[in-house]
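The structure appears below as structure tokens.
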Amino acid sequence: MATTSSEPAGNLATPPPGGRAQLAAASLPAHPNHNKLRGLPTETEGDDQASDPPEHVISFGLFRLLPARRLLLEGDRIVRIGGRALDILIALLERPGELVSKPELIAKVWPHAIVEEGNLKVHVAALRRALGDGQSGNRYISTITGRGYCFVAPVIRPADLSPTTAQHSAAEPLINLPEPLTRLIGIDGAIGRVSAQLAHHRLVTLVGPGGIGKTSVAVATAAGLTDSYEHGVWFVDLTTISDPRTLSAAVGSAIRPDISSLLSFLSDKRMLLVLDNCEHVIEAAAALVFQAMRAAPGVQIMATSREPLSVDGEHLVHLRPMEIPLLSSALSAAEALKFPAIQLFVERAANILGEFRLRNADVPTVIDICRKLDGMPLAIEVAAASIDALGLRGVVSRLDHPLRLPATRRRTAAPRHRTLRAALDWSYRLLTEEEQRVLRRLSVFAGSFTMEAAAAVAANPTDTESQMVDQVVALVAKSLVAADGNVSDTCLRLLATTRAYAFERLSESGEVDAIARRQAQFSQHFPGTAPLLRVCGQTRANT
């Protein structure tokens, strides 16, 4: 699936003749571990080396860069890094705190060649991996979307032994948005809706089930607004937070490592905070957002979550599945490719196969795949990832049990997005025991159902109708039960992957037969509901 070539082995910044000991000897003597380097000459050895002038060393975090020797050290360890990535690091460290444009970097790194901008992105990504950028709160390189990069960590030079925190010039926007590694498809409408909400409201939350593309829409929207905020646009991935008590500190460190009080820092700022994946720390996130809204009138917040924050002033944007053709047999390949779900499947299949052209004869099959997966972007990508092993027909045959689709082979995918089961595990674990029980039991409905039917089938004998309605409403809020229709007539349903997951859980509980009998008894006692359920299903299929 990789579309870029690897750095040639000969271009690694490996030690020149003389071995690693000589290179290590060139490090700063003041480093606390310098004497522990293997083979380092003692004070009585290597007199010739002692007479050499000191080598220029640049330090940041745990790293030391020796540009003349093209050597990067992390503590005592030599960091193996590609030559191009090292050139990029040297160029950024020449101007810490300043924007270095993409054309400037390309000219420095490839002075005698014409290369695509994608080459630069590949080697910047390799540099970030080598530095552990973004891990454990460490930030070194900030992306100025569409323009270039900036080195943002404190830097120590020989002529200035006190660390100076790199800062952008006031004219440059401050952002740390992740760059998309694949083309984003079918989200322009959602970006427009979110942008319109941000134009009028301080708190906008993107809500939808796992794998619908909330993060992609949020990042793309924020990237288009970087010029609107004097103090920047800052992205915070909350999935790394396991202790809600550390939320404020994590948000602060994403902006700047030395922030001691987040609310005090934000109080006079004009910036946009993007809080991604709030659902597993929903109470803490809601509290922090509420406090920030009161303490910092110039700060706007865009959150993504599988359920609303439920904070005063919150405005929701519900993300919907991708559009799928209504009819399959009459469409040509060109006509089918006008629909985002079909575009996504074909493009991801091409990434796997190297080349994939949708033939007219295959249009019904691809539409069938996208329909059975409810137009969910993650599900479509997972299905397309197995096309080389299964083929189109093999993929279709697996969709009766969509959770059995092989995992995506993108190693950069978040663990919760590598399989459909992992995405649903994440949501299921966040439910209360009562909500889990109700969701399992609702899986007996193959199509749409009413609130009355849900309450009758999923209730325990001691549950009141109002309690059951509350549980179902909570599942709708948490994006696990879809509500279709309009304000006056709403039909409920489970997405195909959610139903498959919930039915597995129902089977594990041993309740399948009992709950199926309840559903049959409800239909017998309330025969008028059957036409309504059919109408709900038909309405969904034609919208």
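Ligands are numbered from 1 in the order shown, residues from 1 within each chain, and chains are lettered A, B, ... in the order they appear in the structure tokens.
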
Considering only C-alpha atoms, tabulate each residue of stretch 267-339 of chain A that lies at most 9 Å from stretch 425-447 of chain A along with its nearest interatomic pair and the corresponding distance in Å to one decimal; arrange the rows by chain and ascending residue number and present them as a Markdown table.
| residue | atom | partner | partner_atom | distance |
| --- | --- | --- | --- | --- |
| A:Glu279 | CA | A:Leu430 | CA | 7.9 |
| A:His280 | CA | A:Leu430 | CA | 6.5 |
| A:Arg306 | CA | A:Ser427 | CA | 8.0 |

Subject >> Near-stretch 299-303 of chain A list (8 Å; only C-alpha atoms; drop same-chain fewer than 2 positions) as a list in words >> reply: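 Non-adjacent residues within range: Leu198, His201, Arg202, Leu203, Val204, Thr205, Leu206, Ala218, Leu266, Lys269, Arg270, Met271, Leu272, Leu273, Val274, Leu275, Asp276, Asn277, Cys278, Val289, Ala292, Met293, Ala296, Pro297 and Ser305 of chain A.
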
Subject >> Among the residues A:Leu373, A:Lys478, A:Val472, A:Gly146, the one that comes closest to A:Ser310 [using only C-alpha atoms] >> reply: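 Going through A:Leu373, A:Lys478, A:Val472, A:Gly146 one by one, the smallest distance to A:Ser310 is for A:Lys478.
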
**OP:** List every residue of stretch 210-301 of chain A that DSSP, applied to the backbone of this structure, assigns to alpha helix (DSSP H), and report them as an MDAnalysis selection string.
**Re:** chainID A and resid 214:223 247:255 262:266 282:295

Those selected residues, please, written with N, CA and C atoms and delivered as a CSV table (one decimal), in the first residue's frame.
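Ended up saving to again-v3.csv:
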chain,number,residue,atom,x,y,z
A,214,LYS,N,-15.3,11.9,12.3
A,214,LYS,CA,-15.4,13.1,13.1
A,214,LYS,C,-14.0,13.8,13.2
A,215,THR,N,-13.0,13.0,13.4
A,215,THR,CA,-11.6,13.7,13.5
A,215,THR,C,-11.3,14.3,12.2
A,216,SER,N,-11.5,13.6,11.1
A,216,SER,CA,-11.1,14.1,9.7
A,216,SER,C,-11.9,15.4,9.5
A,217,VAL,N,-13.1,15.5,9.8
A,217,VAL,CA,-13.9,16.7,9.5
A,217,VAL,C,-13.4,17.8,10.4
A,218,ALA,N,-13.1,17.5,11.7
A,218,ALA,CA,-12.7,18.6,12.6
A,218,ALA,C,-11.3,19.1,12.2
A,219,VAL,N,-10.4,18.3,11.8
A,219,VAL,CA,-9.1,18.8,11.4
A,219,VAL,C,-9.2,19.6,10.1
A,220,ALA,N,-9.9,19.1,9.2
A,220,ALA,CA,-10.0,19.8,7.9
A,220,ALA,C,-10.7,21.2,8.1
A,221,THR,N,-11.7,21.2,9.0
A,221,THR,CA,-12.4,22.5,9.3
A,221,THR,C,-11.4,23.4,9.9
A,222,ALA,N,-10.7,23.0,10.9
A,222,ALA,CA,-9.8,23.8,11.6
A,222,ALA,C,-8.7,24.3,10.7
A,223,ALA,N,-8.2,23.5,9.8
A,223,ALA,CA,-7.1,23.9,8.9
A,223,ALA,C,-7.5,25.1,8.0
A,247,LEU,N,-6.6,15.8,32.5
A,247,LEU,CA,-7.1,16.4,31.2
A,247,LEU,C,-6.6,17.8,31.0
A,248,SER,N,-6.7,18.6,32.1
A,248,SER,CA,-6.3,20.0,31.9
A,248,SER,C,-4.8,20.1,31.6
A,249,ALA,N,-4.0,19.3,32.3
A,249,ALA,CA,-2.5,19.4,32.0
A,249,ALA,C,-2.2,18.9,30.6
A,250,ALA,N,-2.9,17.9,30.2
A,250,ALA,CA,-2.7,17.4,28.8
A,250,ALA,C,-3.0,18.4,27.7
A,251,VAL,N,-4.1,19.1,27.9
A,251,VAL,CA,-4.5,20.2,27.0
A,251,VAL,C,-3.4,21.3,27.0
A,252,GLY,N,-3.0,21.7,28.2
A,252,GLY,CA,-2.0,22.7,28.3
A,252,GLY,C,-0.7,22.3,27.6
A,253,SER,N,-0.2,21.1,27.9
A,253,SER,CA,1.0,20.7,27.3
A,253,SER,C,1.0,20.5,25.7
A,254,ALA,N,-0.2,20.3,25.2
A,254,ALA,CA,-0.4,20.3,23.8
A,254,ALA,C,-0.2,21.7,23.1
A,255,ILE,N,-0.5,22.7,23.9
A,255,ILE,CA,-0.3,24.1,23.4
A,255,ILE,C,1.2,24.5,23.7
A,262,LEU,N,-3.8,26.2,33.0
A,262,LEU,CA,-4.4,26.3,31.6
A,262,LEU,C,-5.4,27.5,31.6
A,263,LEU,N,-6.3,27.6,32.5
A,263,LEU,CA,-7.4,28.6,32.5
A,263,LEU,C,-6.7,30.0,32.5
A,264,SER,N,-5.7,30.2,33.3
A,264,SER,CA,-5.1,31.5,33.4
A,264,SER,C,-4.4,31.8,32.0
A,265,PHE,N,-3.8,30.8,31.4
A,265,PHE,CA,-3.1,31.0,30.2
A,265,PHE,C,-4.1,31.4,29.1
A,266,LEU,N,-5.3,30.7,29.1
A,266,LEU,CA,-6.3,31.0,28.1
A,266,LEU,C,-7.0,32.3,28.2
A,282,ILE,N,-15.9,12.1,29.3
A,282,ILE,CA,-16.9,13.0,28.9
A,282,ILE,C,-17.2,14.0,30.1
A,283,GLU,N,-17.2,13.5,31.3
A,283,GLU,CA,-17.5,14.4,32.5
A,283,GLU,C,-16.4,15.4,32.7
A,284,ALA,N,-15.2,14.9,32.6
A,284,ALA,CA,-14.0,15.8,32.8
A,284,ALA,C,-13.9,16.8,31.6
A,285,ALA,N,-14.2,16.4,30.4
A,285,ALA,CA,-14.1,17.3,29.3
A,285,ALA,C,-15.2,18.3,29.4
A,286,ALA,N,-16.4,17.9,29.7
A,286,ALA,CA,-17.5,18.9,29.9
A,286,ALA,C,-17.2,19.9,30.9
A,287,ALA,N,-16.6,19.5,32.1
A,287,ALA,CA,-16.3,20.4,33.1
A,287,ALA,C,-15.2,21.4,32.7
A,288,LEU,N,-14.2,20.9,32.0
A,288,LEU,CA,-13.1,21.8,31.5
A,288,LEU,C,-13.6,22.8,30.5
A,289,VAL,N,-14.4,22.3,29.6
A,289,VAL,CA,-15.0,23.2,28.5
A,289,VAL,C,-15.8,24.3,29.2
A,290,PHE,N,-16.6,23.9,30.1
A,290,PHE,CA,-17.5,24.9,30.8
A,290,PHE,C,-16.6,26.0,31.5
A,291,GLN,N,-15.5,25.5,32.2
A,291,GLN,CA,-14.6,26.5,32.9
A,291,GLN,C,-13.9,27.4,31.9
A,292,ALA,N,-13.5,26.8,30.8
A,292,ALA,CA,-12.8,27.5,29.7
A,292,ALA,C,-13.7,28.6,29.1
A,293,MET,N,-14.9,28.2,28.9
A,293,MET,CA,-15.9,29.1,28.3
A,293,MET,C,-16.1,30.4,29.2
A,294,ARG,N,-16.1,30.1,30.5
A,294,ARG,CA,-16.3,31.3,31.4
A,294,ARG,C,-15.0,32.1,31.6
A,295,ALA,N,-13.8,31.4,31.6
A,295,ALA,CA,-12.6,32.1,32.0
A,295,ALA,C,-12.0,32.8,30.7

Original post:
A:Gly313, A:Asp227, A:Asp484, A:Pro178: which is nearest A:Gln197, counting only C-alpha atoms?
Top reply: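 The closest residue to A:Gln197 is A:Gly313.
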
Subject >> Every residue of stretch 206-426 of chain A that DSSP places in strand (DSSP E or B), as number ranges by chain >> reply: A: 206-207, 233-237, 271-276, 299-305, 314-318

Original post:
Hey, which of A:Arg84, A:Arg139, A:Arg147, A:Arg505 ends up closest to A:Val124? Count only C-alpha atoms.
Top reply: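 Among the listed residues, A:Arg84 lies closest to A:Val124.
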
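Minimum atom-to-atom distance to A:Ala422, evaluated using only C-alpha atoms, belongs to A:Arg404 out of A:Gly97, A:Glu335, A:Arg404, A:Leu89.
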
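Restricting the calculation to only C-alpha atoms, the smallest distance between A:Val236 and any of A:Ile191, A:Ala350, A:Thr498, A:Gly134 is found for A:Gly134.
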
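Atom pair atom CA of A:Thr450 / atom CA of A:Cys491: separated by 5.6 Å.
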
**OP:** Have a look at atom CA of A:Ile88 and atom CA of A:Val109 and let me know their distance in Å, one decimal.
**Re:**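 Straight-line distance from atom CA of A:Ile88 to atom CA of A:Val109 works out to 6.6 Å.
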
Original post:
Suppose you want the space between atom CA of A:Gln519 and atom CA of A:Cys370; what is it in Å?
Top reply: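 These atoms are spaced 28.8 Å apart.
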
**OP:** Find the residue from A:Ala482, A:Ala85, A:Ile106, A:Ile369 that sits nearest to A:Leu127; use only C-alpha atoms when measuring.
**Re:** A:Ala85

Original post:
Which neighbours of stretch 63-65 of chain A fall inside 7 Å, counting only C-alpha atoms, when residues of the same chain fewer than 6 positions from it are skipped, and could you give them as a PyMOL selection string?
Top reply: chain A and resi 57+71-75

Residues of the last selection are to be written out with C-alpha atoms, as a compact mmCIF listing (two decimals), in the first residue's frame.
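Heads up, here's the output in result-v4.txt:
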# COMPACT_ATOMS: atom_id res chain seq x y z
CA VAL A 57 26.39 21.32 19.28
CA LEU A 71 25.04 13.03 14.12
CA LEU A 72 21.98 13.06 16.36
CA LEU A 73 22.26 11.72 19.93
CA GLU A 74 19.50 10.94 22.40
CA GLY A 75 21.34 10.80 25.69
